[in-house]
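Structure below is structure-v9.csv: CSV, C-alpha atoms.
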```
chain,number,residue,atom,x,y,z
A,1291,MET,CA,1.9,12.8,-4.9
A,1292,GLN,CA,0.4,9.8,-6.6
A,1293,LYS,CA,0.4,6.6,-4.6
A,1294,PHE,CA,0.5,3.2,-6.2
A,1295,ILE,CA,-0.6,-0.4,-5.3
A,1296,LYS,CA,2.0,-3.0,-4.5
A,1297,LEU,CA,0.3,-6.2,-5.4
A,1298,LYS,CA,1.9,-9.2,-3.7
A,1299,LYS,CA,2.3,-12.6,-5.3
A,1300,SER,CA,0.3,-14.0,-2.4
A,1301,ASP,CA,-2.7,-11.6,-2.9
A,1302,LYS,CA,-6.0,-13.2,-3.9
A,1303,ILE,CA,-7.5,-11.9,-7.2
A,1304,ALA,CA,-11.0,-12.4,-8.6
A,1305,ILE,CA,-11.7,-12.1,-12.3
A,1306,ILE,CA,-15.5,-11.7,-12.9
A,1307,THR,CA,-16.9,-12.2,-16.4
A,1308,SER,CA,-20.0,-13.2,-18.2
A,1309,SER,CA,-20.1,-16.6,-20.0
A,1310,ASN,CA,-20.3,-14.6,-23.3
A,1311,LEU,CA,-17.2,-15.7,-25.2
A,1312,ILE,CA,-16.4,-12.1,-26.2
A,1313,HIS,CA,-15.8,-11.4,-22.5
A,1314,LEU,CA,-14.8,-14.8,-21.3
A,1315,TYR,CA,-11.9,-15.2,-23.6
A,1316,PRO,CA,-10.1,-12.0,-22.5
A,1317,ALA,CA,-10.8,-12.9,-18.9
A,1318,THR,CA,-9.1,-16.3,-19.4
A,1319,VAL,CA,-6.1,-14.6,-21.1
A,1320,LEU,CA,-5.7,-12.2,-18.1
A,1321,LYS,CA,-5.8,-15.1,-15.6
A,1322,LYS,CA,-3.2,-17.0,-17.6
A,1323,LYS,CA,-0.9,-14.0,-17.7
A,1324,LEU,CA,-1.2,-13.3,-14.0
A,1325,ILE,CA,-0.5,-16.9,-13.1
A,1326,LYS,CA,2.6,-16.8,-15.4
A,1327,CYS,CA,3.7,-13.7,-13.5
A,1328,GLY,CA,3.5,-15.6,-10.2
A,1329,TYR,CA,0.1,-14.7,-9.0
A,1330,ASN,CA,-1.3,-18.1,-8.3
A,1331,ARG,CA,-4.3,-17.1,-6.3
A,1332,VAL,CA,-6.4,-16.0,-9.2
A,1333,ASN,CA,-10.1,-17.2,-9.4
A,1334,LEU,CA,-12.3,-16.9,-12.4
A,1335,ILE,CA,-15.9,-16.2,-11.5
A,1336,LEU,CA,-18.8,-16.4,-14.0
A,1337,ASP,CA,-21.4,-13.8,-13.7
A,1338,ASN,CA,-24.9,-13.5,-15.1
A,1339,PRO,CA,-25.4,-9.9,-16.1
A,1340,TYR,CA,-29.0,-10.5,-16.9
A,1341,ALA,CA,-30.0,-11.9,-13.4
A,1342,ASN,CA,-31.8,-8.6,-12.7
A,1343,LEU,CA,-32.8,-7.6,-16.2
A,1344,LEU,CA,-35.7,-5.4,-15.3
A,1345,VAL,CA,-33.7,-3.4,-12.7
A,1346,ILE,CA,-30.8,-3.1,-15.2
A,1347,LEU,CA,-33.1,-1.8,-18.0
A,1348,LYS,CA,-34.7,0.8,-15.7
A,1349,SER,CA,-31.3,1.9,-14.5
A,1350,LYS,CA,-29.9,2.3,-18.1
A,1351,ILE,CA,-33.0,4.2,-19.3
A,1352,LYS,CA,-32.5,6.6,-16.4
A,1353,LYS,CA,-28.7,7.1,-17.1
A,1354,ILE,CA,-28.4,7.0,-20.9
A,1355,GLY,CA,-32.0,7.5,-22.1
A,1356,ILE,CA,-34.5,5.1,-23.8
A,1357,ILE,CA,-33.1,5.5,-27.4
A,1358,ARG,CA,-29.6,4.4,-26.4
A,1359,THR,CA,-30.9,1.7,-24.2
A,1360,ILE,CA,-32.9,0.3,-27.1
A,1361,SER,CA,-29.9,0.4,-29.4
A,1362,GLN,CA,-27.8,-1.4,-26.7
A,1363,VAL,CA,-30.4,-4.1,-26.3
A,1364,ALA,CA,-30.6,-4.5,-30.1
A,1365,SER,CA,-26.8,-4.8,-30.3
A,1366,LYS,CA,-26.8,-7.4,-27.6
A,1367,PHE,CA,-29.3,-9.5,-29.6
A,1368,PHE,CA,-26.9,-9.4,-32.6
A,1369,ASP,CA,-24.0,-10.2,-30.3
A,1370,TYR,CA,-25.5,-13.4,-28.9
A,1371,HIS,CA,-27.4,-14.7,-31.9
A,1372,LEU,CA,-25.8,-13.5,-35.1
A,1373,LEU,CA,-22.5,-11.6,-35.3
A,1374,GLN,CA,-20.7,-13.4,-32.5
A,1375,LYS,CA,-20.7,-16.6,-34.6
A,1376,LEU,CA,-18.1,-15.1,-36.9
A,1377,ILE,CA,-15.4,-15.6,-34.2
A,1378,LYS,CA,-17.2,-17.7,-31.6
A,1379,LEU,CA,-15.7,-21.1,-32.6
A,1380,LYS,CA,-12.1,-19.9,-32.6
A,1381,LEU,CA,-12.5,-18.4,-29.2
A,1382,LYS,CA,-14.3,-21.4,-27.8
A,1383,LYS,CA,-11.5,-23.7,-29.0
A,1384,LYS,CA,-8.9,-21.5,-27.3
A,1385,ILE,CA,-10.8,-21.5,-24.0
A,1386,ASP,CA,-11.5,-25.2,-24.0
A,1387,ASN,CA,-7.8,-25.9,-24.5
A,1388,GLN,CA,-7.0,-24.1,-21.2
A,1389,ASN,CA,-9.0,-26.6,-19.0
A,1390,LEU,CA,-10.3,-23.7,-16.9
A,1391,LYS,CA,-11.7,-24.0,-13.4
A,1392,TYR,CA,-14.2,-21.4,-12.3
A,1393,SER,CA,-17.0,-20.7,-9.8
A,1394,HIS,CA,-20.3,-18.9,-10.2
A,1395,TYR,CA,-20.9,-15.4,-8.9
A,1396,LYS,CA,-23.7,-14.9,-6.4
A,1397,ASN,CA,-25.2,-11.5,-5.6
A,1398,HIS,CA,-24.1,-11.6,-2.0
A,1399,LYS,CA,-20.8,-13.4,-2.5
A,1400,ASN,CA,-18.3,-12.4,0.1
A,1401,PHE,CA,-15.2,-10.7,-1.4
A,1402,LEU,CA,-13.6,-9.9,2.0
A,1403,ASN,CA,-10.8,-12.4,1.3
A,1404,TYR,CA,-9.9,-10.8,-2.1
A,1405,HIS,CA,-7.4,-8.1,-2.5
A,1406,LEU,CA,-8.6,-7.1,-6.0
A,1407,ALA,CA,-11.5,-7.9,-8.3
A,1408,ILE,CA,-11.3,-7.3,-12.0
A,1409,CYS,CA,-14.5,-7.2,-14.1
A,1410,PHE,CA,-15.2,-7.9,-17.8
A,1411,SER,CA,-18.9,-7.0,-18.6
A,1412,SER,CA,-20.3,-8.0,-15.2
A,1413,GLN,CA,-23.6,-6.9,-13.7
A,1414,LYS,CA,-23.7,-3.8,-11.6
A,1415,ILE,CA,-21.8,-4.6,-8.4
A,1416,PRO,CA,-23.8,-3.5,-5.2
A,1417,LYS,CA,-22.1,-0.8,-3.1
A,1418,ASN,CA,-21.7,-3.1,-0.1
A,1419,ILE,CA,-19.7,-5.6,-2.2
A,1420,LEU,CA,-17.6,-2.8,-3.9
A,1421,ASN,CA,-16.3,-1.9,-0.5
A,1422,GLN,CA,-15.3,-5.5,0.5
A,1423,THR,CA,-12.0,-6.0,-1.3
A,1424,LYS,CA,-8.9,-4.5,0.1
A,1425,ILE,CA,-7.9,-2.7,-3.1
A,1426,GLY,CA,-11.2,-2.3,-5.0
A,1427,PHE,CA,-13.1,-3.4,-8.2
A,1428,ILE,CA,-11.5,-2.6,-11.5
A,1429,ASN,CA,-13.4,-2.7,-14.8
A,1430,PHE,CA,-12.1,-3.3,-18.3
A,1431,HIS,CA,-14.3,-1.2,-20.6
A,1432,PRO,CA,-14.1,-1.7,-24.4
A,1433,GLY,CA,-14.4,1.9,-25.2
A,1434,LEU,CA,-13.2,5.4,-24.3
A,1435,ILE,CA,-14.8,7.0,-21.3
A,1436,PRO,CA,-16.4,9.4,-20.6
A,1437,GLU,CA,-17.0,9.9,-24.3
A,1438,TYR,CA,-18.4,6.4,-24.8
A,1439,ALA,CA,-19.6,5.0,-21.5
A,1440,GLY,CA,-22.0,2.1,-21.5
A,1441,ILE,CA,-21.5,0.0,-24.6
A,1442,GLY,CA,-18.4,1.8,-25.7
A,1443,ASN,CA,-16.9,1.1,-29.0
A,1444,PHE,CA,-20.3,0.2,-30.5
A,1445,TYR,CA,-21.4,3.9,-30.1
A,1446,ALA,CA,-18.1,5.1,-31.6
A,1447,LEU,CA,-18.7,3.1,-34.7
A,1448,VAL,CA,-22.4,4.1,-34.9
A,1449,ASP,CA,-21.2,7.7,-34.7
A,1450,SER,CA,-18.7,6.9,-37.5
A,1451,GLN,CA,-15.9,7.7,-35.1
A,1452,ASN,CA,-13.5,4.9,-36.2
A,1453,ASN,CA,-10.6,6.9,-34.7
A,1454,LYS,CA,-12.4,6.9,-31.3
A,1455,VAL,CA,-12.2,3.2,-30.4
A,1456,GLY,CA,-10.0,1.8,-27.7
A,1457,PHE,CA,-10.3,0.8,-24.1
A,1458,THR,CA,-10.5,2.3,-20.6
A,1459,ILE,CA,-9.4,0.5,-17.3
A,1460,HIS,CA,-11.0,2.2,-14.3
A,1461,TYR,CA,-12.1,1.7,-10.7
A,1462,MET,CA,-15.8,0.8,-10.3
A,1463,THR,CA,-18.3,3.0,-8.4
A,1464,GLN,CA,-22.0,3.1,-8.3
A,1465,LYS,CA,-22.0,5.5,-11.2
A,1466,LEU,CA,-21.8,3.8,-14.6
A,1467,ASP,CA,-18.2,4.0,-16.0
A,1468,ARG,CA,-17.3,7.0,-13.9
A,1469,GLY,CA,-14.7,5.7,-11.5
A,1470,LYS,CA,-11.1,6.8,-11.4
A,1471,ILE,CA,-9.3,6.0,-14.7
A,1472,ILE,CA,-6.2,3.8,-14.4
A,1473,LEU,CA,-5.4,3.5,-18.1
A,1474,LYS,CA,-7.0,4.8,-21.3
A,1475,LYS,CA,-5.9,4.2,-24.8
A,1476,ASN,CA,-7.1,5.1,-28.3
A,1477,ILE,CA,-6.4,2.3,-30.8
A,1478,LEU,CA,-6.3,2.9,-34.5
A,1479,PHE,CA,-7.4,0.1,-37.0
A,1480,LYS,CA,-6.2,0.5,-40.5
A,1481,GLU,CA,-8.8,-1.9,-41.8
A,1482,LYS,CA,-12.5,-2.2,-41.1
A,1483,LYS,CA,-13.2,-5.0,-38.6
A,1484,ASN,CA,-16.3,-6.6,-36.9
A,1485,ILE,CA,-17.2,-4.8,-33.7
A,1486,HIS,CA,-16.7,-7.9,-31.6
A,1487,LEU,CA,-13.3,-8.5,-33.1
A,1488,ILE,CA,-12.4,-4.9,-32.3
A,1489,ASN,CA,-13.5,-5.3,-28.7
A,1490,VAL,CA,-11.5,-8.5,-28.3
A,1491,ILE,CA,-8.4,-6.9,-29.7
A,1492,CYS,CA,-8.8,-3.8,-27.5
A,1493,MET,CA,-9.2,-6.0,-24.4
A,1494,LEU,CA,-6.1,-8.1,-25.3
A,1495,ILE,CA,-4.0,-4.9,-25.6
A,1496,ALA,CA,-5.5,-3.6,-22.4
A,1497,ILE,CA,-4.6,-6.8,-20.6
A,1498,LYS,CA,-1.0,-6.6,-21.9
A,1499,ASP,CA,-0.6,-3.0,-20.7
A,1500,PHE,CA,-2.4,-3.7,-17.3
A,1501,VAL,CA,0.0,-6.6,-16.5
A,1502,LYS,CA,3.0,-4.3,-17.2
A,1503,LEU,CA,1.6,-1.8,-14.8
A,1504,ILE,CA,1.2,-4.5,-12.1
A,1505,GLN,CA,4.8,-5.7,-12.7
A,1506,LYS,CA,6.1,-2.2,-12.3
A,1507,ASN,CA,3.8,-1.4,-9.3
A,1508,LYS,CA,2.2,1.4,-11.2
A,1509,ILE,CA,-1.5,0.7,-10.5
A,1510,PRO,CA,-2.7,4.0,-8.8
A,1511,ILE,CA,-4.6,3.7,-5.6
A,1512,ASN,CA,-8.3,4.6,-5.8
A,1513,SER,CA,-8.5,8.0,-4.2
A,1514,GLU,CA,-12.2,8.5,-4.8
```
Representation of the structure as structure tokens:
Amino acid sequence: MQKFIKLKKSDKIAIITSSNLIHLYPATVLKKKLIKCGYNRVNLILDNPYANLLVILKSKIKKIGIIRTISQVASKFFDYHLLQKLIKLKLKKKIDNQNLKYSHYKNHKNFLNYHLAICFSSQKIPKNILNQTKIGFINFHPGLIPEYAGIGNFYALVDSQNNKVGFTIHYMTQKLDRGKIILKKNILFKEKKNIHLINVICMLIAIKDFVKLIQKNKIPINSE
């Protein structure tokens, strides 16, 4: 019989995200929605996913191969330096208007006082930290897994699978995008959109659905 988490309003929640606006904006939306639902102990923590770049590249080459690693690095270049500018200013304005308070993630930060940690494109979380929270670490992945692990919707569009974009919310483990799935949804877009806009829209829908699960106490316990 499936068991579910009953998240209390007094529980402490960490939202970990990079400073990239494509990830930071959805993270701020989630924080705002959780606070609106009565969860006032929500902390936004900025992470640097490139703090251990060499280690990350070696790990990705081992897991997804050198060709896909190169394509992912190339897409990140466009993300930060070119394509993101199409929606960057609008997102920045929305974030600035929220007067956010946040702290910075440290590799050995103690999460023992947190009940739950939620990640938006964070660096790989060490095993000893994954085990620190009372509930676990949950990842918001802009893509369908296991079909499109890693960079997600980007691969779906490269493969011309426009009907295979969406999101997956899952528990984090040491294996890339292989933890227990909480919620997975395929989203159809009638018109062609920029990959970054697709990811933001998918994340906003994921947040809406995730908050509903929390309110109904329907977040399954991580049994893995």
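For Ile1428 (chain A), the list of residues within 9 Å, based on only C-alpha atoms and with local chain neighbours fewer than 5 positions off taken out, reads A:Leu1406, A:Ala1407, A:Ile1408, A:Cys1409, A:Ile1459, A:His1460, A:Tyr1461, A:Met1462, A:Gly1469, A:Ile1472.
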Q) So what do you get for CA of Phe1457 (chain A) versus CA of Asn1418 (chain A), distance-wise? A) 26.9 Å
Q. Between CA of Leu1473 (chain A) and CA of His1405 (chain A), what is the distance, to one decimal in Å?
A.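 Calculated distance between CA of Leu1473 (chain A) and CA of His1405 (chain A) is 19.5 Å.
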Would you place a box with edges along x, y and z of the file around all atoms of region 1459-1467 of chain A listed there, add 5 Å to each of its six sides, and report the centre and edge lengths in Å to one decimal, as lines of an AutoDock Vina configuration file?
```
center_x = -15.7
center_y = 3.0
center_z = -12.8
size_x = 22.6
size_y = 15.0
size_z = 19.0
```
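Distance-wise, CA of Ser1513 (chain A) and CA of Gln1292 (chain A) end up 9.4 Å apart.
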Q) In terms of the shortest atom-to-atom distance over only C-alpha atoms, which of A:Tyr1438, A:Phe1444, A:Tyr1315, A:Phe1430 is closest to Phe1500 (chain A)? A)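 Looking at the shortest contact to Phe1500 (chain A), the residue is A:Phe1430.
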For the point (-1.4, -18.2, -8.7) in file coordinates, what residues are within 12 Å, counting all atoms listed in the file? Give the answer as an mmCIF file with C-alpha atoms, keeping the file's coordinate frame?
```cif
data_model
loop_
_atom_site.group_PDB
_atom_site.id
_atom_site.type_symbol
_atom_site.label_atom_id
_atom_site.label_comp_id
_atom_site.auth_asym_id
_atom_site.auth_seq_id
_atom_site.Cartn_x
_atom_site.Cartn_y
_atom_site.Cartn_z
ATOM 1 C CA LYS A 1298 1.900 -9.200 -3.700
ATOM 2 C CA LYS A 1299 2.300 -12.600 -5.300
ATOM 3 C CA SER A 1300 0.300 -14.000 -2.400
ATOM 4 C CA ASP A 1301 -2.700 -11.600 -2.900
ATOM 5 C CA LYS A 1302 -6.000 -13.200 -3.900
ATOM 6 C CA ILE A 1303 -7.500 -11.900 -7.200
ATOM 7 C CA ALA A 1304 -11.000 -12.400 -8.600
ATOM 8 C CA LEU A 1320 -5.700 -12.200 -18.100
ATOM 9 C CA LYS A 1321 -5.800 -15.100 -15.600
ATOM 10 C CA LYS A 1322 -3.200 -17.000 -17.600
ATOM 11 C CA LYS A 1323 -0.900 -14.000 -17.700
ATOM 12 C CA LEU A 1324 -1.200 -13.300 -14.000
ATOM 13 C CA ILE A 1325 -0.500 -16.900 -13.100
ATOM 14 C CA LYS A 1326 2.600 -16.800 -15.400
ATOM 15 C CA CYS A 1327 3.700 -13.700 -13.500
ATOM 16 C CA GLY A 1328 3.500 -15.600 -10.200
ATOM 17 C CA TYR A 1329 0.100 -14.700 -9.000
ATOM 18 C CA ASN A 1330 -1.300 -18.100 -8.300
ATOM 19 C CA ARG A 1331 -4.300 -17.100 -6.300
ATOM 20 C CA VAL A 1332 -6.400 -16.000 -9.200
ATOM 21 C CA ASN A 1333 -10.100 -17.200 -9.400
ATOM 22 C CA LEU A 1334 -12.300 -16.900 -12.400
#
```
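Compared by their closest atoms to Pro1316 (chain A), and using only C-alpha atoms, the residues A:Ile1497, A:Ile1357, A:Met1291, A:Leu1420 rank with A:Ile1497 nearest.
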Take region 1497-1508 of chain A, bring it up to all heavy atoms, and give me the output as a CSV table (one decimal), in the coordinates of the input.
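Just written: out_17.csv:
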```csv
chain,number,residue,atom,x,y,z
A,1497,ILE,N,-5.1,-5.8,-21.5
A,1497,ILE,CA,-4.6,-6.8,-20.6
A,1497,ILE,C,-3.0,-6.7,-20.6
A,1497,ILE,O,-2.4,-6.8,-19.5
A,1497,ILE,CB,-5.0,-8.2,-21.0
A,1497,ILE,CG1,-6.5,-8.4,-20.6
A,1497,ILE,CG2,-4.2,-9.3,-20.3
A,1497,ILE,CD1,-7.2,-9.6,-21.2
A,1498,LYS,N,-2.4,-6.7,-21.7
A,1498,LYS,CA,-1.0,-6.6,-21.9
A,1498,LYS,C,-0.4,-5.4,-21.1
A,1498,LYS,O,0.5,-5.5,-20.4
A,1498,LYS,CB,-0.6,-6.6,-23.3
A,1498,LYS,CG,0.9,-6.5,-23.6
A,1498,LYS,CD,1.2,-6.5,-25.1
A,1498,LYS,CE,2.7,-6.5,-25.3
A,1498,LYS,NZ,3.0,-6.5,-26.8
A,1499,ASP,N,-1.1,-4.2,-21.3
A,1499,ASP,CA,-0.6,-3.0,-20.7
A,1499,ASP,C,-0.9,-3.0,-19.2
A,1499,ASP,O,-0.1,-2.5,-18.4
A,1499,ASP,CB,-1.4,-1.8,-21.3
A,1499,ASP,CG,-0.9,-1.5,-22.7
A,1499,ASP,OD1,0.1,-2.1,-23.2
A,1499,ASP,OD2,-1.6,-0.7,-23.4
A,1500,PHE,N,-2.0,-3.6,-18.8
A,1500,PHE,CA,-2.4,-3.7,-17.3
A,1500,PHE,C,-1.4,-4.6,-16.6
A,1500,PHE,O,-0.9,-4.2,-15.5
A,1500,PHE,CB,-3.8,-4.3,-17.2
A,1500,PHE,CG,-4.3,-4.4,-15.8
A,1500,PHE,CD1,-4.6,-3.2,-15.1
A,1500,PHE,CD2,-4.4,-5.6,-15.1
A,1500,PHE,CE1,-5.1,-3.3,-13.8
A,1500,PHE,CE2,-4.8,-5.7,-13.8
A,1500,PHE,CZ,-5.2,-4.5,-13.2
A,1501,VAL,N,-1.0,-5.7,-17.2
A,1501,VAL,CA,0.0,-6.6,-16.5
A,1501,VAL,C,1.3,-5.9,-16.4
A,1501,VAL,O,2.0,-6.1,-15.4
A,1501,VAL,CB,0.1,-7.9,-17.3
A,1501,VAL,CG1,1.3,-8.8,-16.8
A,1501,VAL,CG2,-1.2,-8.7,-17.3
A,1502,LYS,N,1.7,-5.1,-17.3
A,1502,LYS,CA,3.0,-4.3,-17.2
A,1502,LYS,C,2.9,-3.4,-16.1
A,1502,LYS,O,3.9,-3.2,-15.3
A,1502,LYS,CB,3.2,-3.6,-18.6
A,1502,LYS,CG,3.7,-4.4,-19.7
A,1502,LYS,CD,3.9,-3.6,-20.9
A,1502,LYS,CE,4.4,-4.4,-22.1
A,1502,LYS,NZ,4.6,-3.6,-23.3
A,1503,LEU,N,1.7,-2.7,-15.9
A,1503,LEU,CA,1.6,-1.8,-14.8
A,1503,LEU,C,1.7,-2.5,-13.4
A,1503,LEU,O,2.3,-2.0,-12.5
A,1503,LEU,CB,0.2,-1.1,-14.8
A,1503,LEU,CG,0.0,-0.1,-15.9
A,1503,LEU,CD1,-1.3,0.6,-15.8
A,1503,LEU,CD2,1.1,1.0,-15.9
A,1504,ILE,N,1.1,-3.7,-13.4
A,1504,ILE,CA,1.2,-4.5,-12.1
A,1504,ILE,C,2.7,-4.9,-11.8
A,1504,ILE,O,3.1,-4.8,-10.7
A,1504,ILE,CB,0.4,-5.8,-12.2
A,1504,ILE,CG1,-1.1,-5.5,-12.2
A,1504,ILE,CG2,0.7,-6.8,-11.1
A,1504,ILE,CD1,-2.0,-6.7,-12.3
A,1505,GLN,N,3.4,-5.3,-12.9
A,1505,GLN,CA,4.8,-5.7,-12.7
A,1505,GLN,C,5.7,-4.6,-12.2
A,1505,GLN,O,6.7,-4.8,-11.5
A,1505,GLN,CB,5.3,-6.3,-14.0
A,1505,GLN,CG,4.7,-7.7,-14.3
A,1505,GLN,CD,5.2,-8.2,-15.7
A,1505,GLN,OE1,5.2,-7.5,-16.7
A,1505,GLN,NE2,5.5,-9.5,-15.7
A,1506,LYS,N,5.3,-3.3,-12.7
A,1506,LYS,CA,6.1,-2.2,-12.3
A,1506,LYS,C,5.5,-1.5,-11.1
A,1506,LYS,O,6.0,-0.4,-10.7
A,1506,LYS,CB,6.1,-1.2,-13.5
A,1506,LYS,CG,6.8,-1.7,-14.7
A,1506,LYS,CD,6.7,-0.7,-15.9
A,1506,LYS,CE,7.4,-1.2,-17.1
A,1506,LYS,NZ,7.3,-0.3,-18.2
A,1507,ASN,N,4.5,-2.1,-10.4
A,1507,ASN,CA,3.8,-1.4,-9.3
A,1507,ASN,C,3.3,0.0,-9.6
A,1507,ASN,O,3.5,0.9,-8.8
A,1507,ASN,CB,4.8,-1.4,-8.1
A,1507,ASN,CG,5.1,-2.8,-7.6
A,1507,ASN,OD1,4.3,-3.6,-7.5
A,1507,ASN,ND2,6.4,-3.0,-7.2
A,1508,LYS,N,2.7,0.1,-10.8
A,1508,LYS,CA,2.2,1.4,-11.2
A,1508,LYS,C,0.7,1.5,-11.3
A,1508,LYS,O,0.1,2.4,-12.0
A,1508,LYS,CB,2.8,1.7,-12.6
A,1508,LYS,CG,4.3,2.0,-12.6
A,1508,LYS,CD,4.6,3.3,-11.9
A,1508,LYS,CE,6.1,3.7,-12.0
A,1508,LYS,NZ,6.4,4.9,-11.3
```
